[in-house]
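Dumped input.txt below, it's compact mmCIF, C-alpha atoms:
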```txt
# COMPACT_ATOMS: atom_id res chain seq x y z
CA MET A 17 66.69 90.40 -37.55
CA LEU A 18 65.22 87.18 -36.17
CA ASP A 19 62.09 87.32 -34.02
CA SER A 20 62.21 85.96 -30.46
CA PRO A 21 61.09 82.35 -31.20
CA ASN A 22 63.59 81.96 -34.04
CA LEU A 23 66.36 83.61 -32.06
CA ALA A 24 65.74 81.07 -29.30
CA LEU A 25 66.04 78.25 -31.86
CA LEU A 26 69.28 79.71 -33.19
CA GLN A 27 70.70 79.86 -29.67
CA ALA A 28 69.68 76.23 -29.05
CA TYR A 29 71.18 74.97 -32.32
CA PHE A 30 74.43 76.93 -32.05
CA SER A 31 75.96 75.54 -28.85
CA PRO A 32 78.82 78.11 -28.55
CA TRP A 33 76.20 80.86 -28.09
CA PRO A 34 76.68 81.24 -24.27
CA HIS A 35 80.42 81.72 -24.84
CA LEU A 36 79.96 84.63 -27.25
CA SER A 37 80.39 88.22 -26.14
CA GLN A 38 77.35 90.47 -26.38
CA ALA A 39 78.81 92.06 -29.52
CA GLN A 40 79.36 88.63 -31.08
CA GLN A 41 75.85 87.50 -30.17
CA ALA A 42 74.45 90.64 -31.78
CA LEU A 43 76.58 90.07 -34.90
CA LEU A 44 75.35 86.50 -35.25
CA ALA A 45 71.69 87.38 -34.60
CA GLU A 46 71.77 90.23 -37.12
CA ASN A 47 73.40 88.10 -39.82
CA ALA A 48 71.53 84.81 -39.45
CA ALA A 49 69.07 84.75 -42.33
CA GLN A 50 66.05 82.46 -42.58
CA VAL A 51 66.06 80.84 -46.01
CA ARG A 52 63.45 78.49 -47.45
CA TYR A 53 64.08 75.92 -50.18
CA ARG A 54 61.61 73.80 -52.05
CA LYS A 55 62.07 70.05 -52.27
CA GLY A 56 64.68 69.16 -54.90
CA THR A 57 66.51 72.52 -54.76
CA ASN A 58 70.30 72.45 -54.87
CA LEU A 59 71.64 74.68 -52.10
CA HIS A 60 75.32 74.20 -52.73
CA SER A 61 77.60 72.64 -55.34
CA ARG A 62 81.30 72.57 -56.12
CA ASP A 63 80.77 75.42 -58.57
CA SER A 64 79.02 77.61 -55.99
CA GLU A 65 80.54 80.30 -53.85
CA CYS A 66 81.15 79.39 -50.21
CA LEU A 67 77.64 79.27 -48.77
CA GLY A 68 78.32 79.64 -45.05
CA LEU A 69 77.14 77.86 -41.92
CA ILE A 70 73.85 75.97 -42.21
CA LEU A 71 71.66 75.31 -39.16
CA LEU A 72 68.64 73.27 -40.21
CA LYS A 73 65.34 74.52 -38.79
CA SER A 74 62.93 72.18 -40.58
CA GLY A 75 62.91 69.70 -43.46
CA ALA A 76 65.81 67.52 -44.58
CA LEU A 77 69.08 67.98 -46.49
CA ARG A 78 71.27 65.47 -48.31
CA THR A 79 75.02 66.02 -48.75
CA TYR A 80 76.74 64.07 -51.51
CA LEU A 81 79.67 63.83 -53.89
CA LEU A 82 79.09 63.96 -57.63
CA SER A 83 81.47 62.27 -60.07
CA GLU A 84 82.28 63.60 -63.51
CA ASP A 85 80.02 60.96 -65.07
CA GLY A 86 77.09 62.00 -62.86
CA ARG A 87 77.27 59.28 -60.23
CA GLU A 88 76.21 60.39 -56.75
CA ILE A 89 77.57 59.13 -53.43
CA THR A 90 75.51 60.20 -50.42
CA LEU A 91 77.75 61.23 -47.53
CA TYR A 92 75.13 62.04 -44.90
CA ARG A 93 71.67 63.46 -44.38
CA MET A 94 70.59 66.20 -41.98
CA GLY A 95 67.49 66.77 -39.90
CA PRO A 96 66.19 69.69 -37.80
CA GLY A 97 68.65 71.04 -35.25
CA GLU A 98 71.72 69.76 -37.08
CA ALA A 99 74.55 71.89 -38.45
CA CYS A 100 76.60 71.66 -41.64
CA VAL A 101 80.03 73.28 -41.81
CA LEU A 102 81.10 71.59 -45.06
CA SER A 103 79.04 74.27 -46.80
CA ALA A 104 81.52 76.74 -45.26
CA SER A 105 84.62 74.98 -46.53
CA CYS A 106 86.27 78.31 -47.31
CA VAL A 107 86.33 79.02 -43.56
CA ILE A 108 87.86 75.72 -42.42
CA SER A 109 91.11 75.21 -44.29
CA ALA A 110 91.27 71.49 -43.46
CA ILE A 111 88.27 70.85 -45.73
CA THR A 112 89.79 70.24 -49.16
CA PHE A 113 86.88 68.80 -51.14
CA ASP A 114 83.58 70.21 -52.33
CA VAL A 115 80.16 68.72 -51.71
CA HIS A 116 76.68 69.12 -53.12
CA ILE A 117 73.71 69.78 -50.84
CA ASP A 118 70.09 69.22 -51.90
CA ALA A 119 66.79 69.76 -50.09
CA GLU A 120 65.05 66.40 -49.75
CA GLU A 121 61.89 68.08 -48.51
CA ASP A 122 60.59 71.63 -48.32
CA THR A 123 63.23 72.99 -45.99
CA GLU A 124 63.99 76.05 -43.89
CA ILE A 125 67.44 76.90 -42.56
CA PHE A 126 69.28 79.53 -40.62
CA LEU A 127 72.17 80.62 -42.82
CA VAL A 128 75.16 82.45 -41.37
CA SER A 129 77.33 84.02 -44.07
CA ALA A 130 80.84 82.67 -44.52
CA SER A 131 82.39 86.05 -43.63
CA VAL A 132 80.51 86.35 -40.31
CA PHE A 133 81.18 82.71 -39.43
CA ALA A 134 84.87 83.18 -40.23
CA SER A 135 85.02 86.27 -38.04
CA LEU A 136 83.44 84.47 -35.09
CA ALA A 137 85.71 81.42 -35.49
CA LYS A 138 88.78 83.68 -35.63
CA GLU A 139 87.84 85.73 -32.57
CA ASN A 140 86.28 83.07 -30.35
CA ILE A 141 88.03 79.81 -29.46
CA HIS A 142 84.71 78.15 -28.55
CA VAL A 143 83.36 78.74 -32.05
CA GLU A 144 86.58 77.48 -33.60
CA CYS A 145 86.54 74.31 -31.48
CA TRP A 146 82.84 73.74 -32.21
CA SER A 147 83.52 74.16 -35.94
CA TYR A 148 86.24 71.53 -35.98
CA ARG A 149 84.27 69.17 -33.74
CA THR A 150 81.24 69.44 -36.03
CA ALA A 151 83.42 68.91 -39.10
CA THR A 152 84.99 65.85 -37.45
CA GLU A 153 81.57 64.35 -36.76
CA ARG A 154 80.64 64.85 -40.40
CA PHE A 155 83.90 63.29 -41.55
CA SER A 156 82.95 60.24 -39.46
CA ASP A 157 79.75 60.07 -41.52
CA VAL A 158 81.83 60.36 -44.70
CA ILE A 159 84.13 57.52 -43.62
CA TRP A 160 81.11 55.34 -42.79
CA ALA A 161 79.69 55.99 -46.27
CA MET A 162 83.02 55.08 -47.87
CA GLN A 163 83.20 51.88 -45.82
CA GLN A 164 79.75 50.93 -47.03
CA MET A 165 80.79 51.54 -50.62
CA LEU A 166 84.11 49.71 -50.46
CA PHE A 167 83.64 46.82 -48.05
CA ARG A 168 80.00 45.73 -48.07
CA ARG A 169 78.02 43.76 -50.64
CA MET A 170 75.17 45.42 -52.47
CA ASP A 171 72.50 43.42 -50.62
CA GLN A 172 74.03 44.46 -47.29
CA ARG A 173 74.18 48.14 -48.26
CA LEU A 174 70.58 48.10 -49.42
CA ALA A 175 69.42 46.30 -46.28
CA VAL A 176 71.25 48.80 -44.06
CA PHE A 177 69.69 51.68 -45.98
CA LEU A 178 66.15 50.31 -45.67
CA LEU A 179 66.59 49.70 -41.94
CA ASP A 180 67.99 53.21 -41.46
CA GLU A 181 65.03 54.69 -43.34
CA ARG A 182 62.66 52.66 -41.20
CA ALA A 183 64.37 53.95 -38.03
CA ARG A 184 64.33 57.52 -39.34
CA THR A 185 60.65 57.57 -40.31
CA GLY A 186 59.25 55.08 -37.79
CA GLN A 187 57.28 53.49 -40.64
CA ASP A 188 57.52 50.19 -42.50
CA GLN A 189 56.05 51.91 -45.57
CA LEU A 190 58.86 53.95 -47.12
CA ARG A 191 57.94 56.59 -49.67
CA ILE A 192 61.07 56.28 -51.76
CA THR A 193 61.76 55.39 -55.39
CA HIS A 194 64.38 53.00 -56.75
CA GLU A 195 66.22 56.00 -58.20
CA GLN A 196 66.37 57.71 -54.81
CA ALA A 197 67.56 54.53 -53.09
CA ALA A 198 70.30 54.16 -55.71
CA ARG A 199 71.50 57.73 -55.10
CA TYR A 200 71.60 57.20 -51.36
CA ILE A 201 73.73 54.05 -51.52
CA GLY A 202 75.89 55.10 -54.49
CA SER A 203 74.74 52.53 -57.03
CA ALA A 204 72.92 52.33 -60.35
CA ARG A 205 69.12 52.28 -60.38
CA GLU A 206 69.08 49.05 -62.39
CA VAL A 207 71.20 47.29 -59.77
CA VAL A 208 68.95 48.48 -56.93
CA THR A 209 65.84 47.45 -58.85
CA ARG A 210 67.18 43.91 -59.34
CA MET A 211 68.07 43.62 -55.66
CA LEU A 212 64.69 44.95 -54.55
CA ARG A 213 62.96 42.44 -56.81
CA TYR A 214 64.99 39.70 -55.15
CA PHE A 215 63.99 41.01 -51.70
CA SER A 216 60.37 41.07 -52.90
CA GLU A 217 60.50 37.50 -54.21
CA GLU A 218 61.90 36.42 -50.83
CA GLY A 219 59.03 38.12 -48.99
CA ILE A 220 61.32 40.66 -47.32
CA VAL A 221 59.72 43.74 -48.90
CA ALA A 222 56.69 44.61 -50.99
CA LEU A 223 57.13 46.99 -53.92
CA SER A 224 54.65 49.58 -55.12
CA ARG A 225 54.77 52.63 -57.32
CA GLY A 226 56.93 55.18 -55.50
CA GLY A 227 57.23 53.09 -52.36
CA ILE A 228 58.80 50.13 -50.57
CA ARG A 229 57.12 48.33 -47.67
CA ILE A 230 59.27 46.35 -45.24
CA LEU A 231 57.66 43.01 -44.45
CA ASP A 232 60.42 41.16 -42.62
CA ARG A 233 62.74 43.32 -40.53
CA GLU A 234 64.52 40.32 -39.04
CA ARG A 235 65.56 39.05 -42.48
CA LEU A 236 66.80 42.54 -43.35
CA ARG A 237 68.84 42.66 -40.15
CA ALA A 238 70.34 39.27 -40.94
CA ILE A 239 71.34 40.42 -44.43
CA ALA A 240 72.77 43.65 -43.00
CA GLY A 241 74.82 41.66 -40.55
CA GLU A 242 73.26 43.24 -37.46
```

Will you turn the file into structure tokens for me?
Amino acid sequence: MLDSPNLALLQAYFSPWPHLSQAQQALLAENAAQVRYRKGTNLHSRDSECLGLILLKSGALRTYLLSEDGREITLYRMGPGEACVLSASCVISAITFDVHIDAEEDTEIFLVSASVFASLAKENIHVECWSYRTATERFSDVIWAMQQMLFRRMDQRLAVFLLDERARTGQDQLRITHEQAARYIGSAREVVTRMLRYFSEEGIVALSRGGIRILDRERLRAIAGE
């Protein structure tokens, strides 16, 4: 059973809460587990059982597709307060593909089992509507990622990624490796390294071990087409 502060967080993160009956609220509160994952842990993969509903309390998660040859395509990333229903694909029949979810940082989540989530969605129209709305928002992220992959040049994709990281962290110094950047934009590390070296030679970024510092945001925006 969650303590009062964590129960308040659960209520804030799960917007259908006020529309649940007392019995449904009790069911959710009793079956929402706090789970901690260390950085780099895989929470969910296509070979895993249906995980359930994820509500992120702290840390960061990355959701991605993995090809048979090991290539990763990042679909979206999650921060505190956000929800993931793709991890409960067995509950929402419209979801017909499997995703992988990794912890990018030490992370803590509220996890609602697939069976309890399914019961609430079946009995309560507000939960069902919230589930589909949340899934639709995530599919918008997926479509954006596919558009980046299919219709933008590599330099544009990398520029967009660096600007997004800068906006997310509020820092020009990004603690990210070339390998991580390649996973996020769905490319090979060697390709990203060559492009970063070009950006460095042009004075747009400065490269260091395990990090990238943005020197010229305006040039990055011009490359990104913003």

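Straight-line separation from atom CA of Glu46 of chain A to atom CA of Leu67 of chain A: 17.0 Å.
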
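Ranking A:Thr79, A:Ser224, A:Gln38, A:Ser147 by their shortest atom-to-atom distance to Arg191 of chain A, with all atoms listed in the file included, puts A:Ser224 first.
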
Nearby residues, (68.5, 78.0, -31.6) file frame, 12 Å, all atoms listed in the file, as an MDAnalysis selection string: chainID A and resid 18:34 44:45 48 71:73 96:99 125:126

Shortest interatomic distance to Glu234 of chain A - which of A:Glu153, A:Met211, A:Cys145, A:Gly219, counting all atoms listed in the file: A:Gly219

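The smallest atom-to-atom distance between Arg87 of chain A and any of A:Gly202, A:Gly56, A:Gly227, A:Gly186, using only C-alpha atoms, is found for A:Gly202.
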
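Residues in contact range of Ala161 of chain A, defined as at most 12 Å between all atoms listed in the file, with sequence neighbours fewer than 5 positions away removed, read Thr79, Tyr80, Leu81, Glu88, Ile89, Thr90, Leu91, Tyr92, Arg93, Arg154, Phe155, Ser156, Leu166, Phe167, Arg168, Arg173, Val176, Phe177, Tyr200, Ile201 and Gly202 of chain A.
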
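Closest approach to Asp63 of chain A from the set A:His116, A:Arg149, A:Arg78, A:Arg205 is made by A:His116, with distances taken over all atoms listed in the file.
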
Hey, can you pull every residue with an atom no more than 8 Å from (69.7, 71.5, -54.1), using all atoms listed in the file, and send it as number ranges by chain? A: 55-60, 116-119

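With all atoms listed in the file as the atoms that count, the residue of A:Asp157, A:Val51, A:Ile70, A:Ala183 with the shortest distance to Asp122 of chain A is A:Val51.
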
Do a neighbour search on Leu174 of chain A at 10 Å with all atoms listed in the file, toss out local chain neighbours closer than 4 positions, and write the hits as a ChimeraX atom specification. /A:164,168-170,178-180,197-198,200-201,203,208,211-212,215,236,239-240

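The shortest atom-to-atom distance to Leu69 of chain A, with all atoms listed in the file taken into account, belongs to A:Ala151 out of A:Ile228, A:Arg54, A:Met17, A:Ala151.
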
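Between atom CA of Val101 of chain A and atom CA of Val128 of chain A the interatomic distance comes to 10.4 Å.
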
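For the pair atom CA of Leu223 of chain A and atom CA of Thr193 of chain A, the interatomic distance is 9.7 Å.
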